[in-house]
Amino acid sequence: MNQTEIKRRQAQEAASLLTLITILVMGHLLGEGGVTYVTVAALACALVWTAVAGSLSDALGRILRGRRNKGQYKNILGIRKNVMLFQMVLGVLGSAALFVFAGNIAEGIFHIPYSTFILQVLSPIVFLRTLVSVFLGYFQGEGSELPRAVSCILRQVFILAFGILFGNLLGSYGEKVSGLLKQEQFTPMYGGAGLALAVCLAEAFVLLFLMVIFKGSRRSERKMKQEGMYASDSLWDCIRMLCAGRWPQFFTGILAILPLILGIFLARRMVPEEGFLAGEYGLYVGKYLAVCGIFAALISMMGLPVLGKVFQCFKREEGRFARAAFQGGVHFCLAQGIFLSVYAGVMGAQISGLLCGENGETVKQMFYGGCSVILFFSLGCYFGRFLQASGRKYFVLGAAAAADICFVVIAMVMPGAGLLALVYGGLAGSFVFCIVLGVFSYRQLRLRADWLGILIVPLGAGVAAGLVCMLFGRLMAPLMGDLAALVLAFVVAGGVFWTVLLLLRNFKEQELEVVPGGRLMGALGQKLHIY
């Protein structure tokens, strides 16, 4: 994992942040029912796209890099052509199947009939995203990660801008239809269709952007046609290599979206009424998961540079420093996860009041019961990235399967809890995911964790930060409002949390050299004669 890949992954995490912010913004525009309708359509498309082109760019990039390193330039041109042809056919079939069977999927499988129109509008995304993945594989085969990083950011910016535009336009039309037919569900349905149209347009612009870049980089193909070995890879060879290189990440991608899909069926078992189900599940996805996802993505993005330093040390054969850097990353993710989990849990009433207004009681209970998912999921992602970069993809696959099983079991044995059963199931699943990958990672490095230093002391600092948040939530929020209380509580409680860790010398000097903001903490500690 080199610095270029680290920056690309950070760009992907930034794009994930923009995606979650878009969910919050569009959730305010569409309402909870609209979020559920769009979620059903998006999950159906995600499942088909994962089957058609999931992890395609990484697998194609590895194949093309292998041919380039061997000087087989004519093979590269043949693989490009065959893969593009094959994936175009698959993309067209996937989009056509979604469009034709949209009613069967939305009504027959998910029992959400108002997602049918949204799924039909969104169906071209499979074809467009498949072509984008092929072009990204071309660039990765040449060792360039910049187009992928830029396209991630561009996609989310376009989706947010176009989503607000078309969501408002079609939402206004939906209000007229709802008024005529006396059914309020048409308003979020048409608003969701506007968001689906925005997603397709954004992907078309990203595809156009990549095509322009690719056309500009084809000047070297004349040399590739004249030099190198004879092109011997047939279409069948390309298909076989793609399938062999994709399947571990393919199953991991399926397992990643499976809890959201199963959550709809489990939610229907708990909340039979269709209208109430759409509203409750929209709160779960559009508020609780979005906020927790934003916090987890922030931690994950800050932990990426640490992993880069770990693998740099391994390349220099400095195993002891690599282990120290890895331990520092675990310590940093634990500390950040504890603070943000405490903050989300204690300030859950203010977060839900700001996002949901008077209907925030359910979301507040979700934050109270499931805030620790921020810690477990972000730390699990840290372990998972380390294992994947080390070539231990099957460990990640097994951990994801165990987490999904745990999620389903916990959610099924608690039907009386309503939608909170999904929260508890997700919490238990993320805990299993984190623990399993953590055990594998520590055994891989032959490390022993200093639990007193990396866990117990940050938990004590988290208690102090939680008391500060409680003070702001109960005494200051009624006077200054939810937003001001949230901002001030975050700043003051964060200052208290990190001051406690600094005064107790919780981070070692070697850890401060690798974690984000560590050198600043070290310089401050030296001025205060702590280090």
# chains A, B, ... in the order shown; residues from 1 in each chain; ligands from 1
$ residues_around --residues "Leu447 in chain A" --least-positions-apart "3" --cutoff "9 Å" --atoms "only C-alpha atoms" --output "list in words"
Arg323, Gln327, Ser441, Tyr442, Arg443 and Gln444 of chain A
$ write_last_selection --atoms "C-alpha atoms" --output "PDB file, in the first residue's frame"
ATOM      1  CA  ARG A 323       4.448  -3.134  14.623  1.00  0.00           C
ATOM      2  CA  GLN A 327      -0.277  -0.411  17.376  1.00  0.00           C
ATOM      3  CA  SER A 441      -4.319  -8.929  12.600  1.00  0.00           C
ATOM      4  CA  TYR A 442      -2.547  -9.346  15.927  1.00  0.00           C
ATOM      5  CA  ARG A 443      -1.750 -12.972  15.186  1.00  0.00           C
ATOM      6  CA  GLN A 444      -0.429 -11.960  11.777  1.00  0.00           C
TER       7      GLN A 444
END
$ atom_distance --atom1 "CA of Lys315 in chain A" --atom2 "CA of Cys333 in chain A"
23.6 Å
$ residues_around --residues "Val423 in chain A" --least-positions-apart "3" --cutoff "12 Å" --atoms "only C-alpha atoms" --output "ChimeraX atom specification"
/A:259-260,263,266-267,281,283-285,288-289,292,362-374,407-408,410-412,414-415,417-420,426-430
$ write_last_selection --atoms "C-alpha atoms" --output "PDB file, in the first residue's frame"
ATOM      1  CA  PRO A 259     -27.476  -6.434   6.115  1.00  0.00           C
ATOM      2  CA  LEU A 260     -29.336  -3.497   4.552  1.00  0.00           C
ATOM      3  CA  GLY A 263     -32.955  -5.347   7.266  1.00  0.00           C
ATOM      4  CA  LEU A 266     -36.720  -8.081   9.111  1.00  0.00           C
ATOM      5  CA  ALA A 267     -38.278  -4.639   9.488  1.00  0.00           C
ATOM      6  CA  TYR A 281     -36.858   2.331   8.025  1.00  0.00           C
ATOM      7  CA  LEU A 283     -35.272   7.049   9.941  1.00  0.00           C
ATOM      8  CA  TYR A 284     -32.975   4.071  10.472  1.00  0.00           C
ATOM      9  CA  VAL A 285     -31.116   4.517   7.164  1.00  0.00           C
ATOM     10  CA  TYR A 288     -29.067   6.900  12.354  1.00  0.00           C
ATOM     11  CA  LEU A 289     -26.883   5.056   9.831  1.00  0.00           C
ATOM     12  CA  CYS A 292     -22.866   7.004  12.452  1.00  0.00           C
ATOM     13  CA  THR A 362     -37.114   6.794  17.657  1.00  0.00           C
ATOM     14  CA  VAL A 363     -33.804   8.124  16.340  1.00  0.00           C
ATOM     15  CA  LYS A 364     -32.793   9.178  19.843  1.00  0.00           C
ATOM     16  CA  GLN A 365     -33.331   5.619  21.071  1.00  0.00           C
ATOM     17  CA  MET A 366     -31.264   4.357  18.131  1.00  0.00           C
ATOM     18  CA  PHE A 367     -28.340   6.568  19.116  1.00  0.00           C
ATOM     19  CA  TYR A 368     -28.631   5.584  22.761  1.00  0.00           C
ATOM     20  CA  GLY A 369     -28.608   1.873  21.949  1.00  0.00           C
ATOM     21  CA  GLY A 370     -26.279   1.717  18.947  1.00  0.00           C
ATOM     22  CA  CYS A 371     -23.736   4.539  19.168  1.00  0.00           C
ATOM     23  CA  SER A 372     -20.869   2.082  19.791  1.00  0.00           C
ATOM     24  CA  VAL A 373     -21.179   0.873  16.184  1.00  0.00           C
ATOM     25  CA  ILE A 374     -18.981   3.881  15.309  1.00  0.00           C
ATOM     26  CA  PHE A 407     -26.782  -9.420  12.675  1.00  0.00           C
ATOM     27  CA  VAL A 408     -29.587 -11.683  11.464  1.00  0.00           C
ATOM     28  CA  ILE A 410     -29.762 -10.864  17.017  1.00  0.00           C
ATOM     29  CA  ALA A 411     -32.394  -9.020  14.951  1.00  0.00           C
ATOM     30  CA  MET A 412     -34.602 -12.116  14.709  1.00  0.00           C
ATOM     31  CA  MET A 414     -35.695  -9.400  19.337  1.00  0.00           C
ATOM     32  CA  PRO A 415     -38.869  -8.789  17.314  1.00  0.00           C
ATOM     33  CA  ALA A 417     -37.894  -4.172  20.025  1.00  0.00           C
ATOM     34  CA  GLY A 418     -39.149  -2.949  16.631  1.00  0.00           C
ATOM     35  CA  LEU A 419     -36.572  -1.217  14.472  1.00  0.00           C
ATOM     36  CA  LEU A 420     -34.221  -1.094  17.468  1.00  0.00           C
ATOM     37  CA  GLY A 426     -25.833  -4.077  13.631  1.00  0.00           C
ATOM     38  CA  LEU A 427     -24.011  -3.348  16.876  1.00  0.00           C
ATOM     39  CA  ALA A 428     -23.443  -7.051  17.556  1.00  0.00           C
ATOM     40  CA  GLY A 429     -22.387  -7.685  13.945  1.00  0.00           C
ATOM     41  CA  SER A 430     -19.885  -4.826  13.930  1.00  0.00           C
TER      42      SER A 430
END
$ closest_atom_pairs --of "range 274-380 of chain A" --to "range 504-521 of chain A" --cutoff "8 Å" --atoms "only C-alpha atoms" --output "JSON lines"
{"residue": "A:Met302", "atom": "CA", "partner": "A:Pro516", "partner_atom": "CA", "distance": 6.6}
{"residue": "A:Gly303", "atom": "CA", "partner": "A:Val515", "partner_atom": "CA", "distance": 7.5}
{"residue": "A:Pro305", "atom": "CA", "partner": "A:Val515", "partner_atom": "CA", "distance": 7.8}
{"residue": "A:Val306", "atom": "CA", "partner": "A:Val514", "partner_atom": "CA", "distance": 5.9}
{"residue": "A:Lys309", "atom": "CA", "partner": "A:Val514", "partner_atom": "CA", "distance": 7.2}
{"residue": "A:Ala324", "atom": "CA", "partner": "A:Glu511", "partner_atom": "CA", "distance": 6.9}
{"residue": "A:Ala325", "atom": "CA", "partner": "A:Val514", "partner_atom": "CA", "distance": 6.2}
{"residue": "A:Gln327", "atom": "CA", "partner": "A:Glu511", "partner_atom": "CA", "distance": 7.7}
{"residue": "A:Gly328", "atom": "CA", "partner": "A:Glu511", "partner_atom": "CA", "distance": 4.7}
{"residue": "A:Gly329", "atom": "CA", "partner": "A:Val515", "partner_atom": "CA", "distance": 6.4}
{"residue": "A:His331", "atom": "CA", "partner": "A:Phe507", "partner_atom": "CA", "distance": 8.0}
{"residue": "A:Phe332", "atom": "CA", "partner": "A:Val515", "partner_atom": "CA", "distance": 6.7}
$ write_last_selection --atoms "C-alpha atoms" --output "PDB file, in the first residue's frame"
ATOM      1  CA  MET A 302      -7.611   9.551   9.400  1.00  0.00           C
ATOM      2  CA  GLY A 303      -6.337   6.019  10.017  1.00  0.00           C
ATOM      3  CA  PRO A 305      -1.932   7.311   6.571  1.00  0.00           C
ATOM      4  CA  VAL A 306      -0.934   5.139   9.529  1.00  0.00           C
ATOM      5  CA  LYS A 309       3.569   4.045   7.250  1.00  0.00           C
ATOM      6  CA  ALA A 324       4.763   0.035  16.675  1.00  0.00           C
ATOM      7  CA  ALA A 325       3.080   2.047  13.910  1.00  0.00           C
ATOM      8  CA  GLN A 327      -0.277  -0.411  17.376  1.00  0.00           C
ATOM      9  CA  GLY A 328      -0.365   3.384  17.208  1.00  0.00           C
ATOM     10  CA  GLY A 329      -3.053   3.216  14.536  1.00  0.00           C
ATOM     11  CA  HIS A 331      -4.713   3.156  19.646  1.00  0.00           C
ATOM     12  CA  PHE A 332      -5.700   6.214  17.590  1.00  0.00           C
TER      13      PHE A 332
END
$ atom_distance --atom1 "CA of Ile125 in chain A" --atom2 "CA of Met189 in chain A"
18.3 Å
$ residues_around --residues "Ala96 in chain A" --least-positions-apart "5" --cutoff "9 Å" --atoms "only C-alpha atoms" --output "VMD selection string"
chain A and resid 91 101 123 to 124
$ write_last_selection --atoms "C-alpha atoms" --output "PDB file, in the first residue's frame"
ATOM      1  CA  GLY A  91     -24.044  -4.027 -18.203  1.00  0.00           C
ATOM      2  CA  PHE A 101     -38.457  -6.631 -13.586  1.00  0.00           C
ATOM      3  CA  SER A 123     -31.612   1.078 -13.828  1.00  0.00           C
ATOM      4  CA  PRO A 124     -29.156   2.604 -16.412  1.00  0.00           C
TER       5      PRO A 124
END
$ residues_around --residues "Phe440 in chain A" --least-positions-apart "5" --cutoff "9 Å" --atoms "only C-alpha atoms" --output "ChimeraX atom specification"
/A:383,387,395,435,445
$ write_last_selection --atoms "N, CA and C atoms" --output "PDB file, in the first residue's frame"
ATOM      1  N   PHE A 383      -8.541  -2.826  10.687  1.00  0.00           N
ATOM      2  CA  PHE A 383      -7.994  -4.186  10.638  1.00  0.00           C
ATOM      3  C   PHE A 383      -8.203  -4.807   9.256  1.00  0.00           C
ATOM      4  N   LEU A 387      -5.374  -6.345   6.599  1.00  0.00           N
ATOM      5  CA  LEU A 387      -5.358  -7.738   6.157  1.00  0.00           C
ATOM      6  C   LEU A 387      -5.492  -7.851   4.638  1.00  0.00           C
ATOM      7  N   PHE A 395      -9.687 -13.827   5.200  1.00  0.00           N
ATOM      8  CA  PHE A 395      -9.990 -13.498   6.585  1.00  0.00           C
ATOM      9  C   PHE A 395     -11.098 -12.443   6.655  1.00  0.00           C
ATOM     10  N   ILE A 435     -13.752  -7.778  16.314  1.00  0.00           N
ATOM     11  CA  ILE A 435     -12.982  -8.705  17.142  1.00  0.00           C
ATOM     12  C   ILE A 435     -12.293  -9.762  16.286  1.00  0.00           C
ATOM     13  N   LEU A 445       0.794 -10.259  13.020  1.00  0.00           N
ATOM     14  CA  LEU A 445       1.968  -9.482  13.404  1.00  0.00           C
ATOM     15  C   LEU A 445       2.661 -10.012  14.656  1.00  0.00           C
TER      16      LEU A 445
END
